[in-house]
Each structure stands twice: as C-alpha cells, then as structure tokens.
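Q: Provided herewith: entry21.cif, mmCIF, C-alpha atoms.
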```
data_my_file
#
loop_
_atom_site.label_atom_id
_atom_site.label_comp_id
_atom_site.auth_asym_id
_atom_site.auth_seq_id
_atom_site.Cartn_x
_atom_site.Cartn_y
_atom_site.Cartn_z
CA MET A 26 143.24 128.25 132.21
CA GLY A 27 146.22 129.61 130.31
CA GLN A 28 146.90 132.07 133.15
CA PHE A 29 146.95 129.20 135.66
CA ARG A 30 149.43 127.21 133.54
CA ALA A 31 151.59 130.30 133.14
CA ALA A 32 151.64 130.85 136.88
CA VAL A 33 152.74 127.26 137.48
CA GLN A 34 155.36 127.39 134.75
CA THR A 35 156.92 130.59 136.13
CA GLY A 36 157.00 129.24 139.67
CA SER A 37 154.49 131.78 140.99
CA THR A 38 153.10 131.01 144.45
CA THR A 39 149.80 132.71 143.59
CA THR A 40 147.29 130.16 142.35
CA ASN A 41 143.82 130.84 141.05
CA LEU A 42 142.34 129.53 144.31
CA ASN A 43 144.58 131.73 146.46
CA LYS A 44 143.63 134.78 144.42
CA TYR A 45 139.96 133.85 144.65
CA ALA A 46 140.22 133.40 148.43
CA GLU A 47 141.94 136.77 148.75
CA THR A 48 139.16 138.38 146.73
CA ALA A 49 136.56 136.67 148.91
CA ARG A 50 138.18 138.00 152.09
CA ALA A 51 138.29 141.48 150.55
CA SER A 52 134.57 141.26 149.86
CA SER A 53 133.93 140.63 153.56
CA THR A 54 135.96 143.70 154.46
CA THR A 55 133.86 145.72 152.01
CA VAL A 56 130.63 144.51 153.63
CA ILE A 57 131.67 145.54 157.14
CA GLY A 58 132.99 148.86 155.82
CA HIS A 59 129.61 149.73 154.33
CA TYR A 60 127.39 148.47 157.14
CA SER A 61 129.06 149.03 160.50
CA THR A 62 131.15 151.86 161.87
CA SER A 63 131.10 150.56 165.45
CA PHE A 64 131.90 146.90 164.82
CA GLY A 65 134.27 147.95 162.06
CA LEU A 66 136.17 150.14 164.52
CA ALA A 67 136.41 147.30 167.03
CA THR A 68 137.74 144.85 164.43
CA ARG A 69 140.58 147.23 163.59
CA LEU A 70 141.87 146.59 167.13
CA LEU A 71 142.14 142.85 166.46
CA ASP A 72 145.47 141.32 165.54
CA ALA A 73 145.69 140.68 161.79
CA ARG A 74 145.42 136.90 162.06
CA VAL A 75 142.02 137.11 163.75
CA ARG A 76 140.75 140.34 162.20
CA THR A 77 139.99 138.86 158.77
CA PRO A 78 138.21 135.73 160.07
CA VAL A 79 135.95 137.87 162.28
CA ARG A 80 135.11 140.07 159.32
CA THR A 81 134.09 137.01 157.30
CA ILE A 82 131.68 136.04 160.09
CA TYR A 83 130.18 139.54 160.13
CA ALA A 84 129.75 139.53 156.35
CA LEU A 85 127.79 136.27 156.24
CA VAL A 86 125.60 137.38 159.13
CA ARG A 87 124.97 140.71 157.45
CA ILE A 88 123.84 139.33 154.10
CA ALA A 89 121.47 136.96 155.91
CA ASP A 90 120.17 139.90 157.97
CA GLU A 91 119.51 141.88 154.81
CA ILE A 92 117.28 139.12 153.47
CA VAL A 93 114.87 139.55 156.41
CA ASP A 94 115.41 143.19 157.38
CA GLY A 95 114.18 145.01 154.32
CA ALA A 96 116.57 144.83 151.37
CA ALA A 97 114.95 141.74 149.87
CA ALA A 98 111.45 143.13 150.44
CA GLU A 99 112.40 146.39 148.71
CA ALA A 100 113.48 144.29 145.73
CA GLY A 101 109.99 142.79 145.61
CA VAL A 102 110.94 139.44 147.18
CA SER A 103 107.98 137.83 148.94
CA ILE A 104 108.13 136.36 152.44
CA ASP A 105 108.07 132.82 151.04
CA GLU A 106 110.88 133.70 148.66
CA GLN A 107 112.87 135.20 151.51
CA ARG A 108 112.56 131.92 153.42
CA HIS A 109 113.77 130.12 150.31
CA LEU A 110 116.75 132.47 150.02
CA LEU A 111 117.69 131.76 153.66
CA ASP A 112 117.41 128.03 153.03
CA GLU A 113 119.63 128.33 149.97
CA LEU A 114 122.19 130.47 151.80
CA GLU A 115 122.40 128.04 154.72
CA LEU A 116 122.72 125.05 152.39
CA GLU A 117 125.42 126.77 150.33
CA THR A 118 127.30 127.67 153.52
CA GLU A 119 127.25 124.08 154.77
CA ARG A 120 128.28 122.75 151.36
CA ALA A 121 131.12 125.26 151.03
CA ILE A 122 132.56 124.19 154.38
CA VAL A 123 132.68 120.62 153.12
CA ARG A 124 133.88 121.26 149.55
CA GLY A 125 136.11 124.27 150.27
CA TYR A 126 134.61 126.43 147.55
CA SER A 127 131.60 128.63 146.82
CA THR A 128 130.60 130.87 143.93
CA ASN A 129 129.32 133.30 146.59
CA LEU A 130 132.38 135.27 147.70
CA VAL A 131 131.08 136.00 151.19
CA VAL A 132 130.16 132.35 151.73
CA HIS A 133 133.54 131.22 150.38
CA ALA A 134 135.38 133.47 152.86
CA PHE A 135 133.22 132.37 155.78
CA ALA A 136 133.61 128.69 154.89
CA ALA A 137 137.40 129.01 155.00
CA THR A 138 137.14 130.60 158.45
CA ALA A 139 134.77 127.86 159.60
CA ARG A 140 137.07 125.09 158.42
CA GLN A 141 140.08 126.62 160.13
CA SER A 142 138.46 127.52 163.45
CA GLY A 143 135.99 124.66 163.90
CA ILE A 144 132.73 126.55 163.34
CA ASP A 145 130.10 123.96 162.45
CA SER A 146 126.36 123.42 162.08
CA SER A 147 125.90 123.50 165.87
CA LEU A 148 126.38 127.28 165.57
CA ILE A 149 125.31 127.88 161.98
CA ALA A 150 121.89 126.18 162.20
CA PRO A 151 120.64 128.21 165.22
CA PHE A 152 121.64 131.42 163.46
CA PHE A 153 119.61 130.65 160.36
CA ALA A 154 116.71 129.45 162.53
CA SER A 155 116.60 132.89 164.16
CA MET A 156 116.69 134.59 160.76
CA ARG A 157 113.68 132.52 159.68
CA ARG A 158 111.90 133.44 162.91
CA ASP A 159 111.99 137.08 161.84
CA LEU A 160 109.73 136.12 158.94
CA ASP A 161 107.17 134.55 161.27
CA PRO A 162 104.40 137.00 162.29
CA GLU A 163 103.55 134.99 165.40
CA PRO A 164 104.20 137.10 168.56
CA PHE A 165 107.24 136.15 170.61
CA THR A 166 107.00 134.42 173.96
CA ALA A 167 109.69 134.93 176.63
CA GLU A 168 111.09 131.50 175.79
CA GLY A 169 110.96 132.28 172.09
CA VAL A 170 112.90 135.52 172.52
CA ALA A 171 115.62 133.73 174.51
CA GLU A 172 115.94 131.17 171.73
CA TYR A 173 115.99 133.94 169.13
CA ILE A 174 118.72 135.86 170.97
CA TYR A 175 120.82 132.72 171.24
CA GLY A 176 120.66 132.11 167.49
CA SER A 177 120.91 135.71 166.31
CA ALA A 178 123.60 136.97 168.69
CA GLU A 179 125.06 134.53 171.19
CA VAL A 180 126.26 132.08 168.54
CA ILE A 181 128.00 134.96 166.75
CA GLY A 182 129.99 135.56 169.92
CA LEU A 183 130.79 131.84 170.07
CA MET A 184 131.92 131.86 166.43
CA CYS A 185 134.24 134.78 167.08
CA LEU A 186 135.57 133.09 170.21
CA ARG A 187 136.57 130.02 168.19
CA CYS A 188 138.60 132.30 165.93
CA PHE A 189 140.19 133.99 168.95
CA LEU A 190 141.25 130.69 170.50
CA GLN A 191 142.50 129.08 167.29
CA HIS A 192 146.02 130.40 167.93
CA SER A 193 145.72 130.76 171.72
CA PRO A 194 144.38 127.53 173.22
CA ARG A 195 142.82 127.54 176.68
CA THR A 196 141.94 124.77 179.11
CA ALA A 197 138.48 123.21 178.92
CA ALA A 198 137.51 125.04 182.11
CA GLU A 199 138.69 128.37 180.70
CA VAL A 200 136.87 127.77 177.41
CA SER A 201 133.65 127.13 179.33
CA VAL A 202 134.01 130.44 181.18
CA LEU A 203 134.87 132.29 177.98
CA GLU A 204 131.90 130.79 176.14
CA ASP A 205 129.59 131.97 178.91
CA GLY A 206 131.05 135.47 178.64
CA ALA A 207 130.73 135.46 174.85
CA ARG A 208 127.09 134.46 175.07
CA HIS A 209 126.26 137.17 177.61
CA LEU A 210 128.08 139.82 175.59
CA GLY A 211 126.22 138.82 172.42
CA ALA A 212 122.93 138.87 174.31
CA ALA A 213 123.66 142.34 175.69
CA PHE A 214 124.45 143.66 172.21
CA GLN A 215 121.22 142.26 170.81
CA LYS A 216 119.01 143.56 173.62
CA ILE A 217 120.53 147.03 173.31
CA ASN A 218 119.81 147.00 169.59
CA PHE A 219 116.24 145.90 170.31
CA LEU A 220 115.80 149.09 172.34
CA ARG A 221 117.60 151.27 169.80
CA ASP A 222 115.49 149.90 166.94
CA LEU A 223 112.22 149.91 168.82
CA SER A 224 110.43 152.17 166.37
CA CYS A 225 111.67 150.54 163.16
CA ASP A 226 111.05 147.01 164.44
CA ARG A 227 107.49 147.86 165.46
CA GLU A 228 106.38 150.30 162.77
CA VAL A 229 108.29 149.05 159.71
CA LEU A 230 108.97 145.35 160.30
CA GLY A 231 106.02 144.59 162.58
CA ARG A 232 108.16 142.94 165.27
CA ASN A 233 108.18 143.14 169.05
CA TYR A 234 111.04 141.45 170.88
CA PHE A 235 109.66 142.37 174.33
CA PRO A 236 106.77 139.99 175.20
CA GLY A 237 104.20 141.57 177.49
CA ILE A 238 105.33 145.11 176.62
CA ASP A 239 103.66 147.40 174.12
CA PRO A 240 106.53 149.23 172.36
CA LEU A 241 104.23 152.13 171.51
CA ASN A 242 103.60 152.67 175.23
CA LEU A 243 106.95 151.70 176.73
CA SER A 244 107.32 153.22 180.20
CA ASP A 245 110.53 154.36 181.86
CA PRO A 246 110.30 151.64 184.56
CA GLN A 247 109.91 149.00 181.83
CA LYS A 248 112.85 150.44 179.90
CA ASN A 249 115.02 150.53 183.03
CA ALA A 250 114.15 146.92 183.89
CA ILE A 251 115.35 145.88 180.43
CA LEU A 252 118.55 147.87 180.93
CA GLU A 253 119.19 146.23 184.30
CA ASP A 254 119.08 142.87 182.56
CA ILE A 255 121.47 144.18 179.90
CA ASP A 256 123.87 145.56 182.50
CA ALA A 257 123.93 142.17 184.22
CA ASP A 258 124.95 140.58 180.90
CA LEU A 259 127.68 143.19 180.41
CA GLU A 260 129.02 142.63 183.92
CA ILE A 261 129.35 138.88 183.37
CA ALA A 262 131.10 139.46 180.04
CA SER A 263 133.45 142.02 181.58
CA ALA A 264 134.61 139.55 184.24
CA VAL A 265 136.05 137.19 181.61
CA LEU A 266 137.95 139.80 179.59
CA PRO A 267 141.29 139.02 181.30
CA LEU A 268 141.05 135.40 180.08
CA LEU A 269 140.90 136.45 176.43
CA PRO A 270 144.07 136.34 174.31
CA ALA A 271 145.79 139.68 173.80
CA SER A 272 145.11 139.31 170.07
CA CYS A 273 141.44 140.11 170.66
CA ARG A 274 141.17 141.54 174.19
CA ARG A 275 141.42 145.19 173.13
CA ALA A 276 138.77 144.80 170.43
CA VAL A 277 136.34 143.02 172.74
CA ALA A 278 136.93 145.63 175.45
CA ALA A 279 136.23 148.39 172.92
CA ALA A 280 133.00 146.74 171.75
CA GLN A 281 131.91 146.22 175.34
CA GLY A 282 132.80 149.81 176.22
CA LEU A 283 130.76 151.11 173.30
CA PHE A 284 127.67 149.13 174.24
CA THR A 285 128.06 150.07 177.89
CA ARG A 286 127.99 153.69 176.76
CA LEU A 287 124.91 152.98 174.66
CA SER A 288 123.24 151.41 177.70
CA ASN A 289 123.98 154.55 179.71
CA ARG A 290 122.57 156.76 176.96
CA LEU A 291 119.44 154.64 176.70
CA ARG A 292 118.95 154.94 180.45
CA SER A 293 119.10 158.74 180.26
CA THR A 294 116.74 158.87 177.27
CA PRO A 295 113.01 159.06 178.13
CA ALA A 296 111.18 155.94 176.96
CA ASP A 297 108.80 157.87 174.71
CA ARG A 298 111.74 159.34 172.78
CA LEU A 299 113.00 155.89 171.78
CA LEU A 300 110.13 155.68 169.30
CA ARG A 301 111.21 158.92 167.65
CA SER A 302 115.00 158.65 167.48
CA ARG A 303 117.76 156.05 167.46
CA VAL A 304 120.26 156.44 170.28
CA ARG A 305 123.87 156.46 169.12
CA VAL A 306 127.34 157.27 170.42
CA PRO A 307 129.08 160.21 168.67
CA ASP A 308 132.19 159.33 166.68
CA GLY A 309 134.42 161.30 169.04
CA GLU A 310 133.27 159.23 172.00
CA LYS A 311 133.77 156.03 169.99
CA PHE A 312 137.38 157.03 169.41
CA VAL A 313 137.94 157.68 173.12
CA ILE A 314 136.40 154.30 174.00
CA ALA A 315 138.66 152.55 171.48
CA LEU A 316 141.72 154.42 172.78
CA THR A 317 140.88 153.51 176.36
CA ALA A 318 140.51 149.85 175.40
CA THR A 319 143.86 149.97 173.60
CA LEU A 320 145.81 151.62 176.43
CA GLY A 321 143.88 150.42 179.46
CA PRO A 322 145.23 148.15 182.20
CA GLY A 323 145.87 144.61 181.01
CA ALA A 324 145.23 145.45 177.34
CA TRP A 325 148.59 144.07 176.22
CA LYS A 326 149.09 141.40 178.87
CA ARG A 327 149.59 137.98 177.32
#
```
Please express the file's structure as structure tokens.
A:
Amino acid sequence: MGQFRAAVQTGSTTTNLNKYAETARASSTTVIGHYSTSFGLATRLLDARVRTPVRTIYALVRIADEIVDGAAAEAGVSIDEQRHLLDELELETERAIVRGYSTNLVVHAFAATARQSGIDSSLIAPFFASMRRDLDPEPFTAEGVAEYIYGSAEVIGLMCLRCFLQHSPRTAAEVSVLEDGARHLGAAFQKINFLRDLSCDREVLGRNYFPGIDPLNLSDPQKNAILEDIDADLEIASAVLPLLPASCRRAVAAAQGLFTRLSNRLRSTPADRLLRSRVRVPDGEKFVIALTATLGPGAWKR
C-alpha cells in the first residue's frame, strides 16, 4: 500500500493495476513460448497491438487443454475433479471479464482482451463445453465431432478475429465472410492435429475423433478422404486472406502455410505410420513459410 501511495505522490504513471496487467500479459507470453513453436512463430508476425491479445487467448486455451490432456491426471486429479477445475476456470473467466480483475494471471490477461475486443460467453461457453466433452468416454458421433470442433477450434479463430478487427473495422458483409474463413481455418487446424495425434489420442487418452473409423486400422483411402476435407477448409480460409487487416494478414498466412505443409506431409505418410510417429514440419521449412508469408504478394497491402 505504501508503494502505491508513493507512486501517486511522485506522479508516476505506473499504478499497481497497470503493473499487474503487464505481469499478466507477460505470463501469457511465457505460456506460448513453452508450449508452441509453430503458433508462437506465427504470432511474432502480428503487429504489436494484436500480438499480445492473441497470446492471451492462446494462454487461456492452453491451461484449459492441460486440465483434460494429461497434466492434471499426472498430478493425480480425478476425472470428476478435472470437470470441477474446468467449471471453476470458466466461472473465474466470466467473472473476471465483468469485474476487470482475477488472481489468476492468465485469466486476468484474457479478460482484459475480452473486454476490449468484445469476446463474450457466446464464444467462451462452447470452448469450455468442448473441453468437458474430452472427459466424456462416450464415443463421438459425426454431429458430436462437428460440435466439438466448433467449440475447441472454430471459436478460437473467431476470438482472434475480434482482436484483428478491433482496430480495423469491416462492413457487416465482410465480417460475415471473415468469420466463415476463421471457422474453416480453425477446423482445418484441429482436424490436422487429430491426424497428427492419432496414436496418443487413441492409446493414451482413449479418444477417437473419427466416427466410423478404427484409428488402429486407418487405411490410406480413409486418411486421404479426411485430408480432402481438410484441404477444402484451407481453400475456403485462403480465399478470405485478402480481406484481413495487414496487422494480422502475414501471421494468418504463415499459420495457414504451415498447416498446408502439414497436410501435404500427412498425405505422403502411409496411414500405418501415423500410429508410430507424429508428423511435423522441420524448423527450416517453418522459417521459409514465415518468410514467404511476410514477403509474399499482398502481405503489406492495407
């Protein structure tokens, strides 16, 4: 308290809340730095005013993911307790958006982003619903997978889009087109990761995101049919890139380029090998993809 009074008395513009918010944003940067090389690389291509908000979205999503994807279980947290943790995290997120403060640094940073960009429960609730679905042993139906993909991936794209458009407004018609592209891009990312994580999802987590397909006996025709669906998503997303603000266009193009490359690698990888190894793009290729997105046609067009 004495430090706060001293700051006010000396005319400092740094308040306790500003310092706390800065620390919260830094925590989000730490999360993405430890968990994602690919997404982390793409965010570095964002303009500064949108880079930090997007990182706060990633950080909240990541800590929720870790509740259901193994970290909590390794700590001895039961399935019922994991559900409770998700409930608490969602409630704290909603409360922080209203009150403007959270004792959870990642939640505090995300809440500030949500308040500024208009992210609300219409996007937050489906995300947490998908996280809870991962704790349900009931097999997925085709409809259930579509709903899961919307909540776990498409809404993330929509959250990021709201950050992108905060400083670069578009017409209602343009927003509708961009939202469609964001949803398809998020869906493509998720489906690609389903294929990349086929072995871990099936053998470790007991999940199968491909109804009607036995992951242990995935055939090449089945794999290629999945990839055709993914490529259709990527094509739709690619068509709307020129509508995006320059502040984010290079980063989105880099992310799309990376996942297009992953799709190509998955297509050239025999289906039976997907259960033994995780397909990835070498760091050198990632750099080339990022450079191409940065210098490519239309990258800097306003």
Q: Which residues would end up in the selection if the PyMOL selection byres ((chain A and resi 53) around 9) were applied here, given that I need the answer as JSON, numbers by chain?
A: {"A": [48, 49, 50, 51, 52, 54, 55, 56, 57, 58, 77, 80, 81, 82, 83, 84, 85, 130, 131, 134, 135]}
Q: Which residue is closest to Leu160 in chain A? Choose from A:Arg305, A:Ala97, A:Leu71, A:Gly237 and count all atoms listed in the file.
A: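 Counting all atoms listed in the file, the residue closest to Leu160 in chain A is A:Ala97.
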Q: From the list A:Thr319, A:Ala137, A:Ile261, A:Thr166, which residue is nearest Ala276 in chain A when using only C-alpha atoms?
A: A:Thr319
Q: For the point (108.7, 148.4, 167.8) in file coordinates, what residues are within 12 Å, counting all atoms listed in the file? Give the answer as an NGL selection string?
A: :A and (218-236 or 238-243 or 297 or 299-301 or 303)
Q: For range 128-139 of chain A, I'd like the enclosing box, axis-aligned and padded by 3 Å on every side, reported as JSON with centre and edge lengths in Å to one decimal.
A:
```
{"center_x": 133.4, "center_y": 131.9, "center_z": 151.8, "size_x": 14.1, "size_y": 14.1, "size_z": 21.7}
```
Q: Please provide the set of residues having any atom within 12 Å of range 102-104 of chain A, restricted to only C-alpha atoms, with same-chain residues fewer than 2 positions apart removed, written as an MDAnalysis selection string.
A: chainID A and resid 91:100 106:111 157:162 230
Q: Using C-alpha atoms, can you write the selected residues to a file as a PDB file, keeping the file's coordinate frame?
A:
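Output (selection.pdb):
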```
ATOM      1  CA  GLU A  91     119.510 141.880 154.810  1.00  0.00           C
ATOM      2  CA  ILE A  92     117.280 139.120 153.470  1.00  0.00           C
ATOM      3  CA  VAL A  93     114.870 139.550 156.410  1.00  0.00           C
ATOM      4  CA  ASP A  94     115.410 143.190 157.380  1.00  0.00           C
ATOM      5  CA  GLY A  95     114.180 145.010 154.320  1.00  0.00           C
ATOM      6  CA  ALA A  96     116.570 144.830 151.370  1.00  0.00           C
ATOM      7  CA  ALA A  97     114.950 141.740 149.870  1.00  0.00           C
ATOM      8  CA  ALA A  98     111.450 143.130 150.440  1.00  0.00           C
ATOM      9  CA  GLU A  99     112.400 146.390 148.710  1.00  0.00           C
ATOM     10  CA  ALA A 100     113.480 144.290 145.730  1.00  0.00           C
ATOM     11  CA  GLU A 106     110.880 133.700 148.660  1.00  0.00           C
ATOM     12  CA  GLN A 107     112.870 135.200 151.510  1.00  0.00           C
ATOM     13  CA  ARG A 108     112.560 131.920 153.420  1.00  0.00           C
ATOM     14  CA  HIS A 109     113.770 130.120 150.310  1.00  0.00           C
ATOM     15  CA  LEU A 110     116.750 132.470 150.020  1.00  0.00           C
ATOM     16  CA  LEU A 111     117.690 131.760 153.660  1.00  0.00           C
ATOM     17  CA  ARG A 157     113.680 132.520 159.680  1.00  0.00           C
ATOM     18  CA  ARG A 158     111.900 133.440 162.910  1.00  0.00           C
ATOM     19  CA  ASP A 159     111.990 137.080 161.840  1.00  0.00           C
ATOM     20  CA  LEU A 160     109.730 136.120 158.940  1.00  0.00           C
ATOM     21  CA  ASP A 161     107.170 134.550 161.270  1.00  0.00           C
ATOM     22  CA  PRO A 162     104.400 137.000 162.290  1.00  0.00           C
ATOM     23  CA  LEU A 230     108.970 145.350 160.300  1.00  0.00           C
TER      24      LEU A 230
END
```
Q: Pick from A:Thr118, A:Thr62, A:Ser293, A:Thr128: nearest to Leu42 in chain A, with only C-alpha atoms counted?
A: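 Nearest to Leu42 in chain A: A:Thr128.
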Q: Because some atoms of range 282-293 of chain A are absent here, can you restore all heavy atoms and send them as a PDB file, in the frame of the given file?
A:
```pdb
ATOM      1  N   GLY A 282     132.855 148.426 175.764  1.00  0.00           N
ATOM      2  CA  GLY A 282     132.800 149.810 176.220  1.00  0.00           C
ATOM      3  C   GLY A 282     131.786 150.629 175.436  1.00  0.00           C
ATOM      4  O   GLY A 282     131.056 151.455 176.000  1.00  0.00           O
ATOM      5  N   LEU A 283     131.721 150.389 174.145  1.00  0.00           N
ATOM      6  CA  LEU A 283     130.760 151.110 173.300  1.00  0.00           C
ATOM      7  C   LEU A 283     129.330 150.789 173.708  1.00  0.00           C
ATOM      8  O   LEU A 283     128.492 151.686 173.853  1.00  0.00           O
ATOM      9  CB  LEU A 283     130.993 150.753 171.839  1.00  0.00           C
ATOM     10  CG  LEU A 283     129.948 151.285 170.852  1.00  0.00           C
ATOM     11  CD1 LEU A 283     129.939 152.804 170.840  1.00  0.00           C
ATOM     12  CD2 LEU A 283     130.219 150.735 169.454  1.00  0.00           C
ATOM     13  N   PHE A 284     129.043 149.506 173.900  1.00  0.00           N
ATOM     14  CA  PHE A 284     127.670 149.130 174.240  1.00  0.00           C
ATOM     15  C   PHE A 284     127.318 149.491 175.680  1.00  0.00           C
ATOM     16  O   PHE A 284     126.149 149.735 175.984  1.00  0.00           O
ATOM     17  CB  PHE A 284     127.441 147.645 173.953  1.00  0.00           C
ATOM     18  CG  PHE A 284     127.084 147.394 172.516  1.00  0.00           C
ATOM     19  CD1 PHE A 284     128.076 147.313 171.550  1.00  0.00           C
ATOM     20  CD2 PHE A 284     125.767 147.291 172.120  1.00  0.00           C
ATOM     21  CE1 PHE A 284     127.752 147.113 170.212  1.00  0.00           C
ATOM     22  CE2 PHE A 284     125.428 147.098 170.798  1.00  0.00           C
ATOM     23  CZ  PHE A 284     126.421 147.008 169.827  1.00  0.00           C
ATOM     24  N   THR A 285     128.316 149.566 176.542  1.00  0.00           N
ATOM     25  CA  THR A 285     128.060 150.070 177.890  1.00  0.00           C
ATOM     26  C   THR A 285     127.661 151.540 177.817  1.00  0.00           C
ATOM     27  O   THR A 285     126.738 151.992 178.514  1.00  0.00           O
ATOM     28  CB  THR A 285     129.302 149.908 178.781  1.00  0.00           C
ATOM     29  OG1 THR A 285     129.611 148.511 178.907  1.00  0.00           O
ATOM     30  CG2 THR A 285     129.077 150.494 180.165  1.00  0.00           C
ATOM     31  N   ARG A 286     128.341 152.270 176.947  1.00  0.00           N
ATOM     32  CA  ARG A 286     127.990 153.690 176.760  1.00  0.00           C
ATOM     33  C   ARG A 286     126.595 153.822 176.164  1.00  0.00           C
ATOM     34  O   ARG A 286     125.819 154.704 176.554  1.00  0.00           O
ATOM     35  CB  ARG A 286     129.022 154.357 175.850  1.00  0.00           C
ATOM     36  CG  ARG A 286     128.795 155.854 175.655  1.00  0.00           C
ATOM     37  CD  ARG A 286     128.910 156.596 176.951  1.00  0.00           C
ATOM     38  NE  ARG A 286     128.653 158.024 176.783  1.00  0.00           N
ATOM     39  CZ  ARG A 286     127.856 158.739 177.572  1.00  0.00           C
ATOM     40  NH1 ARG A 286     127.238 158.149 178.599  1.00  0.00           N
ATOM     41  NH2 ARG A 286     127.674 160.020 177.371  1.00  0.00           N
ATOM     42  N   LEU A 287     126.251 152.950 175.222  1.00  0.00           N
ATOM     43  CA  LEU A 287     124.910 152.980 174.660  1.00  0.00           C
ATOM     44  C   LEU A 287     123.864 152.683 175.731  1.00  0.00           C
ATOM     45  O   LEU A 287     122.801 153.315 175.773  1.00  0.00           O
ATOM     46  CB  LEU A 287     124.788 151.956 173.525  1.00  0.00           C
ATOM     47  CG  LEU A 287     125.361 152.354 172.171  1.00  0.00           C
ATOM     48  CD1 LEU A 287     125.429 151.145 171.253  1.00  0.00           C
ATOM     49  CD2 LEU A 287     124.530 153.466 171.529  1.00  0.00           C
ATOM     50  N   SER A 288     124.164 151.729 176.609  1.00  0.00           N
ATOM     51  CA  SER A 288     123.240 151.410 177.700  1.00  0.00           C
ATOM     52  C   SER A 288     123.025 152.633 178.582  1.00  0.00           C
ATOM     53  O   SER A 288     121.888 152.937 178.975  1.00  0.00           O
ATOM     54  CB  SER A 288     123.802 150.249 178.523  1.00  0.00           C
ATOM     55  OG  SER A 288     122.964 149.969 179.625  1.00  0.00           O
ATOM     56  N   ASN A 289     124.097 153.343 178.882  1.00  0.00           N
ATOM     57  CA  ASN A 289     123.980 154.550 179.710  1.00  0.00           C
ATOM     58  C   ASN A 289     123.148 155.626 179.011  1.00  0.00           C
ATOM     59  O   ASN A 289     122.332 156.307 179.651  1.00  0.00           O
ATOM     60  CB  ASN A 289     125.371 155.109 180.031  1.00  0.00           C
ATOM     61  CG  ASN A 289     126.171 154.173 180.928  1.00  0.00           C
ATOM     62  OD1 ASN A 289     125.606 153.353 181.649  1.00  0.00           O
ATOM     63  ND2 ASN A 289     127.490 154.289 180.891  1.00  0.00           N
ATOM     64  N   ARG A 290     123.346 155.762 177.711  1.00  0.00           N
ATOM     65  CA  ARG A 290     122.570 156.760 176.960  1.00  0.00           C
ATOM     66  C   ARG A 290     121.094 156.375 176.886  1.00  0.00           C
ATOM     67  O   ARG A 290     120.215 157.248 176.955  1.00  0.00           O
ATOM     68  CB  ARG A 290     123.153 156.936 175.548  1.00  0.00           C
ATOM     69  CG  ARG A 290     124.411 157.806 175.511  1.00  0.00           C
ATOM     70  CD  ARG A 290     124.932 157.974 174.093  1.00  0.00           C
ATOM     71  NE  ARG A 290     125.906 159.067 174.050  1.00  0.00           N
ATOM     72  CZ  ARG A 290     125.635 160.317 173.702  1.00  0.00           C
ATOM     73  NH1 ARG A 290     124.396 160.633 173.355  1.00  0.00           N
ATOM     74  NH2 ARG A 290     126.560 161.244 173.704  1.00  0.00           N
ATOM     75  N   LEU A 291     120.834 155.102 176.726  1.00  0.00           N
ATOM     76  CA  LEU A 291     119.440 154.640 176.700  1.00  0.00           C
ATOM     77  C   LEU A 291     118.774 154.893 178.051  1.00  0.00           C
ATOM     78  O   LEU A 291     117.597 155.270 178.121  1.00  0.00           O
ATOM     79  CB  LEU A 291     119.391 153.152 176.369  1.00  0.00           C
ATOM     80  CG  LEU A 291     119.658 152.796 174.904  1.00  0.00           C
ATOM     81  CD1 LEU A 291     119.978 151.313 174.763  1.00  0.00           C
ATOM     82  CD2 LEU A 291     118.458 153.164 174.033  1.00  0.00           C
ATOM     83  N   ARG A 292     119.520 154.716 179.126  1.00  0.00           N
ATOM     84  CA  ARG A 292     118.950 154.940 180.450  1.00  0.00           C
ATOM     85  C   ARG A 292     118.585 156.413 180.658  1.00  0.00           C
ATOM     86  O   ARG A 292     117.593 156.725 181.324  1.00  0.00           O
ATOM     87  CB  ARG A 292     119.945 154.489 181.533  1.00  0.00           C
ATOM     88  CG  ARG A 292     119.324 154.400 182.929  1.00  0.00           C
ATOM     89  CD  ARG A 292     120.335 153.869 183.932  1.00  0.00           C
ATOM     90  NE  ARG A 292     120.672 152.477 183.682  1.00  0.00           N
ATOM     91  CZ  ARG A 292     119.954 151.453 184.102  1.00  0.00           C
ATOM     92  NH1 ARG A 292     118.836 151.653 184.782  1.00  0.00           N
ATOM     93  NH2 ARG A 292     120.331 150.211 183.841  1.00  0.00           N
ATOM     94  N   SER A 293     119.369 157.305 180.081  1.00  0.00           N
ATOM     95  CA  SER A 293     119.100 158.740 180.260  1.00  0.00           C
ATOM     96  C   SER A 293     118.128 159.293 179.221  1.00  0.00           C
ATOM     97  O   SER A 293     117.771 160.475 179.261  1.00  0.00           O
ATOM     98  CB  SER A 293     120.415 159.529 180.201  1.00  0.00           C
ATOM     99  OG  SER A 293     121.028 159.404 178.925  1.00  0.00           O
TER     100      SER A 293
END
```
